[in-house]
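Q: So that you have it, the file is entry.txt, and it contains compact mmCIF, C-alpha atoms:
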# COMPACT_ATOMS: atom_id res chain seq x y z
CA MET A 696 35.22 -46.96 72.89
CA ARG A 697 36.26 -47.37 69.23
CA ARG A 698 36.76 -44.30 67.07
CA GLU A 699 33.93 -45.38 64.77
CA THR A 700 31.55 -45.40 67.74
CA GLN A 701 32.79 -42.01 68.93
CA ASN A 702 32.27 -40.50 65.49
CA LEU A 703 28.79 -41.98 65.21
CA LEU A 704 27.86 -40.61 68.62
CA LEU A 705 29.08 -37.14 67.64
CA VAL A 706 27.03 -37.20 64.43
CA LEU A 707 23.87 -38.39 66.16
CA LEU A 708 24.16 -36.06 69.15
CA GLY A 709 24.89 -33.07 66.91
CA GLY A 710 22.05 -34.07 64.60
CA ALA A 711 19.66 -34.37 67.54
CA LEU A 712 20.55 -30.87 68.74
CA LEU A 713 20.07 -29.46 65.24
CA LYS A 714 16.74 -31.25 64.90
CA ILE A 715 15.21 -29.90 68.10
CA ALA A 716 16.64 -26.43 67.44
CA LEU A 717 15.46 -26.08 63.84
CA THR A 718 12.04 -27.66 64.41
CA GLY A 719 11.35 -25.52 67.50
CA THR A 720 10.85 -28.47 69.84
CA TYR A 721 13.76 -27.19 71.92
CA LEU A 722 11.21 -24.84 73.52
CA ARG A 723 9.89 -27.87 75.42
CA TYR A 724 13.21 -28.12 77.22
CA VAL A 725 14.90 -24.70 77.42
CA LYS A 726 14.14 -20.99 77.07
CA PRO A 727 14.32 -19.26 73.65
CA ALA A 728 17.52 -17.37 74.52
CA LEU A 729 19.47 -20.66 74.36
CA PHE A 730 18.62 -21.28 70.69
CA PRO A 731 21.94 -19.91 69.30
CA TRP A 732 23.91 -22.08 71.74
CA LEU A 733 22.00 -25.23 70.79
CA LEU A 734 22.38 -24.51 67.09
CA GLY A 735 26.09 -23.70 67.40
CA THR A 736 26.80 -26.77 69.53
CA GLY A 737 25.01 -29.04 67.06
CA VAL A 738 26.95 -27.61 64.11
CA VAL A 739 30.29 -27.92 65.92
CA MET A 740 29.61 -31.56 66.88
CA VAL A 741 28.66 -32.54 63.33
CA VAL A 742 31.68 -30.74 61.88
CA LEU A 743 34.04 -32.39 64.38
CA ALA A 744 32.60 -35.80 63.52
CA ALA A 745 33.00 -35.11 59.79
CA VAL A 746 36.61 -34.03 60.24
CA ALA A 747 37.36 -37.12 62.34
CA ILE A 748 35.73 -39.45 59.81
CA VAL A 749 37.63 -37.91 56.87
CA GLY A 750 40.87 -38.11 58.86
CA ASP A 751 40.30 -41.78 59.64
CA ILE A 752 39.57 -42.60 55.99
CA ARG A 753 42.73 -40.84 54.81
CA ALA A 754 44.82 -42.58 57.46
CA ALA A 755 43.40 -45.96 56.49
CA ARG A 756 44.21 -45.35 52.81
CA ALA A 757 47.75 -44.27 53.68
CA ARG A 758 48.29 -47.45 55.69
CA ALA A 759 46.87 -49.55 52.86
CA ARG A 760 49.31 -48.03 50.34
CA ALA A 761 52.24 -48.62 52.69
CA ASP A 762 51.36 -52.27 53.32
CA ASP A 763 51.98 -55.23 51.03
CA PRO A 764 49.06 -55.18 48.61
CA PHE A 765 48.94 -58.97 48.66
CA ALA A 766 48.84 -59.26 52.44
CA VAL A 767 45.56 -60.29 54.00
CA PRO A 768 44.67 -57.85 56.78
CA PRO A 769 43.96 -59.54 60.10
CA GLU A 770 40.52 -59.57 61.58
CA PRO A 771 39.88 -56.75 64.08
CA HIS A 772 39.79 -59.14 67.04
CA GLU A 773 43.24 -60.52 66.08
CA HIS A 774 45.04 -57.19 66.54
CA ALA A 775 47.34 -57.09 69.55
CA GLY A 776 45.98 -55.03 72.35
CA HIS A 777 42.37 -55.25 71.16
CA GLU A 778 39.95 -56.58 73.70
CA HIS A 779 36.42 -57.76 73.36
CA ARG A 780 34.17 -54.79 73.94
CA GLY A 781 30.68 -55.00 75.35
CA ARG A 782 27.63 -53.17 74.14
CA SER A 783 27.62 -50.47 76.81
CA PRO A 784 28.86 -47.67 74.46
CA TRP A 785 25.86 -48.28 72.23
CA MET A 786 23.54 -47.69 75.16
CA LEU A 787 24.52 -44.03 74.86
CA LEU A 788 22.59 -43.94 71.59
CA LEU A 789 19.24 -44.74 73.21
CA PRO A 790 18.44 -41.20 74.45
CA VAL A 791 19.53 -39.83 71.05
CA PHE A 792 17.17 -42.17 69.22
CA ALA A 793 14.44 -41.18 71.68
CA ILE A 794 14.83 -37.52 70.66
CA PHE A 795 14.68 -38.45 66.97
CA LEU A 796 11.69 -40.77 67.26
CA VAL A 797 9.64 -39.56 70.25
CA ALA A 798 9.45 -35.89 71.25
CA PRO A 799 8.32 -35.64 74.91
CA PRO A 800 5.46 -33.18 75.45
CA ALA A 801 5.89 -29.96 77.38
CA LEU A 802 5.30 -30.07 81.14
CA GLY A 803 1.66 -29.77 82.07
CA ALA A 804 -0.96 -30.69 84.64
CA ASP A 805 0.72 -33.98 85.49
CA SER A 806 3.77 -32.10 86.80
CA ILE A 807 1.57 -29.96 89.02
CA GLY A 808 -0.26 -33.03 90.27
CA ARG A 809 3.02 -34.53 91.46
CA GLY A 810 3.30 -31.78 94.06
CA GLN A 811 5.53 -29.26 92.31
CA GLN A 812 5.81 -26.05 94.29
CA THR A 813 4.10 -23.00 92.82
CA ALA A 814 6.30 -20.17 91.61
CA ALA A 815 6.32 -17.28 94.07
CA PRO A 816 6.01 -13.92 92.29
CA GLU A 817 9.21 -11.97 92.68
CA ARG A 818 9.09 -8.34 93.77
CA PRO A 819 9.95 -6.11 90.79
CA THR A 820 12.98 -3.86 91.09
CA GLY A 821 11.94 -0.60 92.70
CA ALA A 822 8.54 0.45 93.97
CA SER A 823 5.16 -0.62 92.65
CA ALA A 824 5.01 2.69 90.76
CA LEU A 825 7.40 1.08 88.25
CA PHE A 826 4.58 -1.09 86.92
CA GLU A 827 3.60 0.10 83.47
CA GLU A 828 0.01 1.03 82.81
CA LEU A 829 -2.19 -1.78 81.59
CA PRO A 830 -2.58 -1.89 77.81
CA PRO A 831 -5.62 0.01 76.50
CA GLY A 832 -8.77 -1.78 75.51
CA PRO A 833 -11.72 -3.39 77.26
CA ALA A 834 -9.81 -6.59 78.16
CA PRO A 835 -6.04 -6.44 77.58
CA GLN A 836 -4.03 -9.67 77.30
CA LEU A 837 -1.66 -10.44 80.19
CA THR A 838 0.55 -13.42 80.88
CA VAL A 839 -0.39 -15.45 83.94
CA SER A 840 2.94 -14.57 85.58
CA GLU A 841 2.45 -10.84 84.98
CA PHE A 842 -1.09 -11.00 86.32
CA ILE A 843 -0.07 -12.72 89.56
CA THR A 844 2.93 -10.42 90.01
CA ARG A 845 0.63 -7.42 89.73
CA VAL A 846 -1.86 -8.99 92.13
CA VAL A 847 0.82 -9.42 94.80
CA TRP A 848 3.01 -6.34 94.33
CA ASP A 849 1.10 -3.64 92.47
CA GLY A 850 -0.54 -1.42 95.05
CA SER A 851 -1.95 1.04 92.51
CA GLY A 852 -5.25 -0.83 92.20
CA ALA A 853 -4.89 -1.07 88.42
CA LEU A 854 -6.49 -4.53 88.37
CA GLU A 855 -9.52 -3.60 90.47
CA GLN A 856 -12.66 -4.10 88.40
CA ARG A 857 -10.52 -4.22 85.25
CA ALA A 858 -11.29 -7.06 82.86
CA VAL A 859 -8.24 -8.82 81.44
CA ARG A 860 -7.60 -11.89 79.28
CA LEU A 861 -5.39 -14.78 80.36
CA ARG A 862 -4.19 -17.83 78.47
CA GLY A 863 -3.19 -21.16 79.98
CA PHE A 864 -4.12 -24.81 80.38
CA VAL A 865 -6.78 -26.41 82.54
CA VAL A 866 -5.90 -28.09 85.84
CA HIS A 867 -8.25 -29.93 88.19
CA PRO A 868 -6.42 -30.17 91.56
CA GLU A 869 -6.78 -33.46 93.38
CA ASP A 870 -6.43 -31.91 96.83
CA GLY A 871 -9.03 -29.71 98.45
CA PRO A 872 -12.49 -28.87 97.14
CA ALA A 873 -13.37 -29.52 93.50
CA ARG A 874 -12.31 -26.54 91.41
CA THR A 875 -10.72 -25.62 88.11
CA GLN A 876 -7.47 -23.72 87.77
CA LEU A 877 -5.72 -21.94 84.95
CA ALA A 878 -2.01 -22.74 84.89
CA ARG A 879 1.24 -21.97 83.13
CA MET A 880 4.69 -23.40 83.76
CA ARG A 881 7.43 -20.83 84.38
CA ILE A 882 11.10 -21.61 83.87
CA SER A 883 14.32 -19.74 84.57
CA CYS A 884 16.60 -21.75 82.29
CA CYS A 885 15.17 -25.13 81.37
CA ALA A 886 12.29 -27.50 82.08
CA ALA A 887 14.23 -28.99 85.01
CA ASP A 888 13.63 -25.82 87.08
CA ALA A 889 10.01 -25.33 85.99
CA SER A 890 7.37 -24.37 88.55
CA PRO A 891 3.67 -23.67 88.00
CA VAL A 892 1.82 -20.38 88.29
CA LEU A 893 -1.84 -20.96 89.13
CA ILE A 894 -5.12 -19.07 89.19
CA ASP A 895 -8.42 -20.33 90.65
CA LEU A 896 -11.29 -19.86 88.20
CA ALA A 897 -14.74 -18.96 89.53
CA GLY A 898 -18.16 -18.01 88.22
CA PRO A 899 -20.78 -19.75 86.06
CA ALA A 900 -18.40 -19.90 83.10
CA ALA A 901 -15.86 -21.69 85.30
CA ASP A 902 -18.43 -24.28 86.34
CA ALA A 903 -18.72 -25.33 82.71
CA LEU A 904 -15.01 -26.22 82.76
CA ALA A 905 -15.49 -28.92 85.39
CA THR A 906 -15.64 -31.61 82.69
CA THR A 907 -12.94 -30.11 80.48
CA PRO A 908 -9.92 -32.42 80.26
CA GLN A 909 -6.72 -31.35 81.95
CA ASP A 910 -4.05 -29.73 79.77
CA THR A 911 -6.73 -28.23 77.50
CA TRP A 912 -5.58 -24.75 76.47
CA ILE A 913 -8.11 -21.98 77.01
CA GLU A 914 -8.33 -18.21 77.04
CA VAL A 915 -10.47 -16.65 79.76
CA THR A 916 -11.77 -13.13 80.27
CA GLY A 917 -12.67 -11.87 83.72
CA THR A 918 -11.72 -9.82 86.76
CA LEU A 919 -9.65 -10.34 89.88
CA ARG A 920 -11.52 -11.14 93.09
CA ALA A 921 -10.01 -8.61 95.48
CA GLY A 922 -8.10 -10.04 98.46
CA SER A 923 -8.21 -13.61 97.16
CA ALA A 924 -4.41 -14.07 96.94
CA THR A 925 -2.94 -14.62 100.40
CA GLU A 926 0.12 -16.25 101.94
CA ALA A 927 -2.15 -18.99 103.27
CA ASN A 928 -3.15 -20.13 99.77
CA GLY A 929 0.29 -19.64 98.23
CA GLN A 930 -0.65 -16.32 96.57
CA VAL A 931 -3.10 -18.04 94.21
CA PRO A 932 -5.71 -15.43 93.22
CA THR A 933 -9.30 -16.11 92.25
CA PHE A 934 -10.41 -14.95 88.82
CA ASP A 935 -14.12 -14.44 88.17
CA ILE A 936 -14.48 -15.26 84.51
CA THR A 937 -17.18 -14.05 82.15
CA GLU A 938 -15.96 -15.68 78.94
CA VAL A 939 -13.93 -18.77 78.07
CA HIS A 940 -12.73 -19.99 74.69
CA GLY A 941 -10.61 -22.88 73.55
CA THR A 942 -7.27 -21.93 72.02
CA PRO A 943 -4.43 -23.82 70.37
CA ALA A 944 -1.39 -24.63 72.49
CA PRO A 945 1.32 -22.02 71.87
CA ASP A 946 4.58 -22.91 70.16
CA ASP A 947 6.36 -21.74 73.30
CA PRO A 948 4.46 -23.37 76.20
CA TYR A 949 6.41 -21.74 79.06
CA GLU A 950 6.58 -18.32 80.69
CA TYR A 951 9.77 -16.71 81.97
Hey, can you dump this file as C-alpha cells for me?
A:
Amino acid sequence: MRRETQNLLLVLLGGALLKIALTGTYLRYVKPALFPWLLGTGVVMVVLAAVAIVGDIRAARARARADDPFAVPPEPHEHAGHEHRGRSPWMLLLPVFAIFLVAPPALGADSIGRGQQTAAPERPTGASALFEELPPGPAPQLTVSEFITRVVWDGSGALEQRAVRLRGFVVHPEDGPARTQLARMRISCCAADASPVLIDLAGPAADALATTPQDTWIEVTGTLRAGSATEANGQVPTFDITEVHGTPAPDDPYEY
C-alpha cells in the first residue's frame, strides 16, 4: 500500500471516529464510558496522518533540490521495484464512507425478531435488602432493566401494587399469541453484545397498542402482575398498564 493511501486512510478513519464521537452517534455502537477513548483515538490518528503528510512533503522537496532541476522525473510506474497495484486498498475506505454518509440506526425490534436471547437479570451483590427504596411519588420512573431485576431478585415486595413508569420501544413478537411488549436493548460494552430486556404489556391500554408500529418509543404507567415472571417464560414479567404516551427516542438508546 502506498504511503499516500496509508495517510488518506488514517485521516478518514480518524475523522470518522471524531465525527461519531462529537455528534453523539457513537452511542449507537458503544457505551458512554468509551467516549474519551474514541475521541483520543480519532485525534491521534489525524495527528499521525498530518505528521506523515508533512514529512513526505518535506522529503519530496529535499529530493527535488538535490536532483538536477532540468531532469524530467520518471513516471511512477517506471520506478524500479514499483509494481502495478490493484484497487484492494481502496476497498478499506468503503466502511469509512458508510459512517460519513449513512449512520446505521440503533438496534431495535428487528434484532429481537431474529431470535436474540433475552438478557437474564443478574443477582445484585449482597442480599435483596441492598435494593434502595423506590423513588417517592405516585409513579416513579424506572429503567426496564432495573424493573426486571427488582421483579426477579427483590423479595421486599416493594413493587407490589406500586405504580411505576417505564420507557421503551414497542415490539410485536411473531411467536406465540398476539401481544405487545415493551423492550430495551442492554449492552455490556458495545452493540455486538446487546441483548433485549422485555416486558409483556396487558390491560385495555395495551390493547390499543396492537396497531402501533414496532420501534415506536412509548412511556407506560402501570403495575406489576404478581408471579408473572417465571423461568418458563424467560423471566418476562407482565405489566398491567393504565396510561401510555408516545415519547421521543432517547439520545442514548441502550441500557447498561
Q: Residues at most 9 Å from region 850-855 of chain A, counting all atoms listed in the file, excluding those fewer than 6 positions away in the same chain, as a ChimeraX atom specification?
A: /A:823-824,826,828-829,842,918-921
Q: Please compute the CA of Leu713 (chain A)-CA of Asp947 (chain A) distance, one decimal, in Å.
A: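 That distance, rounded to one decimal, is 17.7 Å.
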Q: Using all atoms listed in the file, which residue out of A:Ser883, A:Asn702, A:Gln836, A:Thr718 lies closest to Val741 (chain A)?
A: A:Asn702
Q: Place a sphere of radius 12 Å on (-14.2, -20.1, 85.5) in the file coordinates and name every protein, DNA or RNA residue with an atom inside or on its surface, counting only C-alpha atoms; give the answer as JSON, numbers by chain.
A: {"A": [861, 865, 866, 867, 874, 875, 876, 877, 894, 895, 896, 897, 898, 899, 900, 901, 902, 903, 904, 905, 906, 907, 913, 914, 915, 916, 917, 918, 919, 933, 934, 935, 936, 937, 938, 939, 940]}
Q: At what distance in Å, to one decimal, does CA of Glu827 (chain A) lie from CA of Gln856 (chain A)?
A: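 Calculated distance between CA of Gln856 (chain A) and CA of Glu827 (chain A) is 17.5 Å.
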Q: With distances taken over only C-alpha atoms, which residue among A:Leu734, A:Leu717, A:Ile807, A:Leu704 lies nearest Ala747 (chain A)?
A: A:Leu704
Q: I want to know what sits within 9 Å of Val931 (chain A), based on only C-alpha atoms, with residues of the same chain fewer than 5 positions away left out; could you give that as a PyMOL selection string?
A: chain A and resi 813+843+892-895+923-926
Q: Filtering to C-alpha atoms, could you give me those residues as a CSV table (one decimal), in the coordinates of the input?
A:
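Once written, selection33.csv looks like this:
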chain,number,residue,atom,x,y,z
A,813,THR,CA,4.1,-23.0,92.8
A,843,ILE,CA,-0.1,-12.7,89.6
A,892,VAL,CA,1.8,-20.4,88.3
A,893,LEU,CA,-1.8,-21.0,89.1
A,894,ILE,CA,-5.1,-19.1,89.2
A,895,ASP,CA,-8.4,-20.3,90.6
A,923,SER,CA,-8.2,-13.6,97.2
A,924,ALA,CA,-4.4,-14.1,96.9
A,925,THR,CA,-2.9,-14.6,100.4
A,926,GLU,CA,0.1,-16.2,101.9
Q: Would you mind telling me which residue in A:Ala754, A:Gly863, A:Met880, A:Ala927 lies nearest to Gly941 (chain A) when using all atoms listed in the file?
A: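 Once distances to Gly941 (chain A) are computed over all atoms listed in the file, the minimum belongs to A:Gly863.
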Q: Using only C-alpha atoms for the distances, tell me which of A:Gly922, A:Phe864, A:Ser806, A:Tyr951 is nearest to Val847 (chain A).
A: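 Counting only C-alpha atoms, the residue closest to Val847 (chain A) is A:Gly922.
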Q: Rounded to one decimal place, report the CA of Asp849 (chain A)-CA of Ala834 (chain A) distance in Å.
A: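 Distance between the two atoms: 18.2 Å.
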Q: Closest to Pro943 (chain A) among A:Arg862, A:Asp888, A:Trp848, A:Leu722, using all atoms listed in the file?
A: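 Comparing A:Arg862, A:Asp888, A:Trp848, A:Leu722 against Pro943 (chain A), the winner is A:Arg862.
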Q: As JSON, please: the centre and edge lengths in Å, to one decimal, of an axis-aligned box enclosing every listed atom of region 726-736 of chain A with 3 Å added on each side.
A:
{"center_x": 20.5, "center_y": -22.1, "center_z": 72.1, "size_x": 18.7, "size_y": 15.4, "size_z": 16.0}
Q: Which of these residues is nearest to Thr736 (chain A), using all atoms listed in the file: A:Ala711, A:Ala757, A:Ala801, A:Val749?
A: A:Ala711
Q: Write out as a list in words the residues lying within 8 Å of Leu733 (chain A), counting only C-alpha atoms and excluding same-chain residues fewer than 2 positions away.
A: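 Selected residues are Leu712, Leu713, Ala716, Leu729, Phe730, Pro731, Gly735, Thr736 and Gly737 of chain A.
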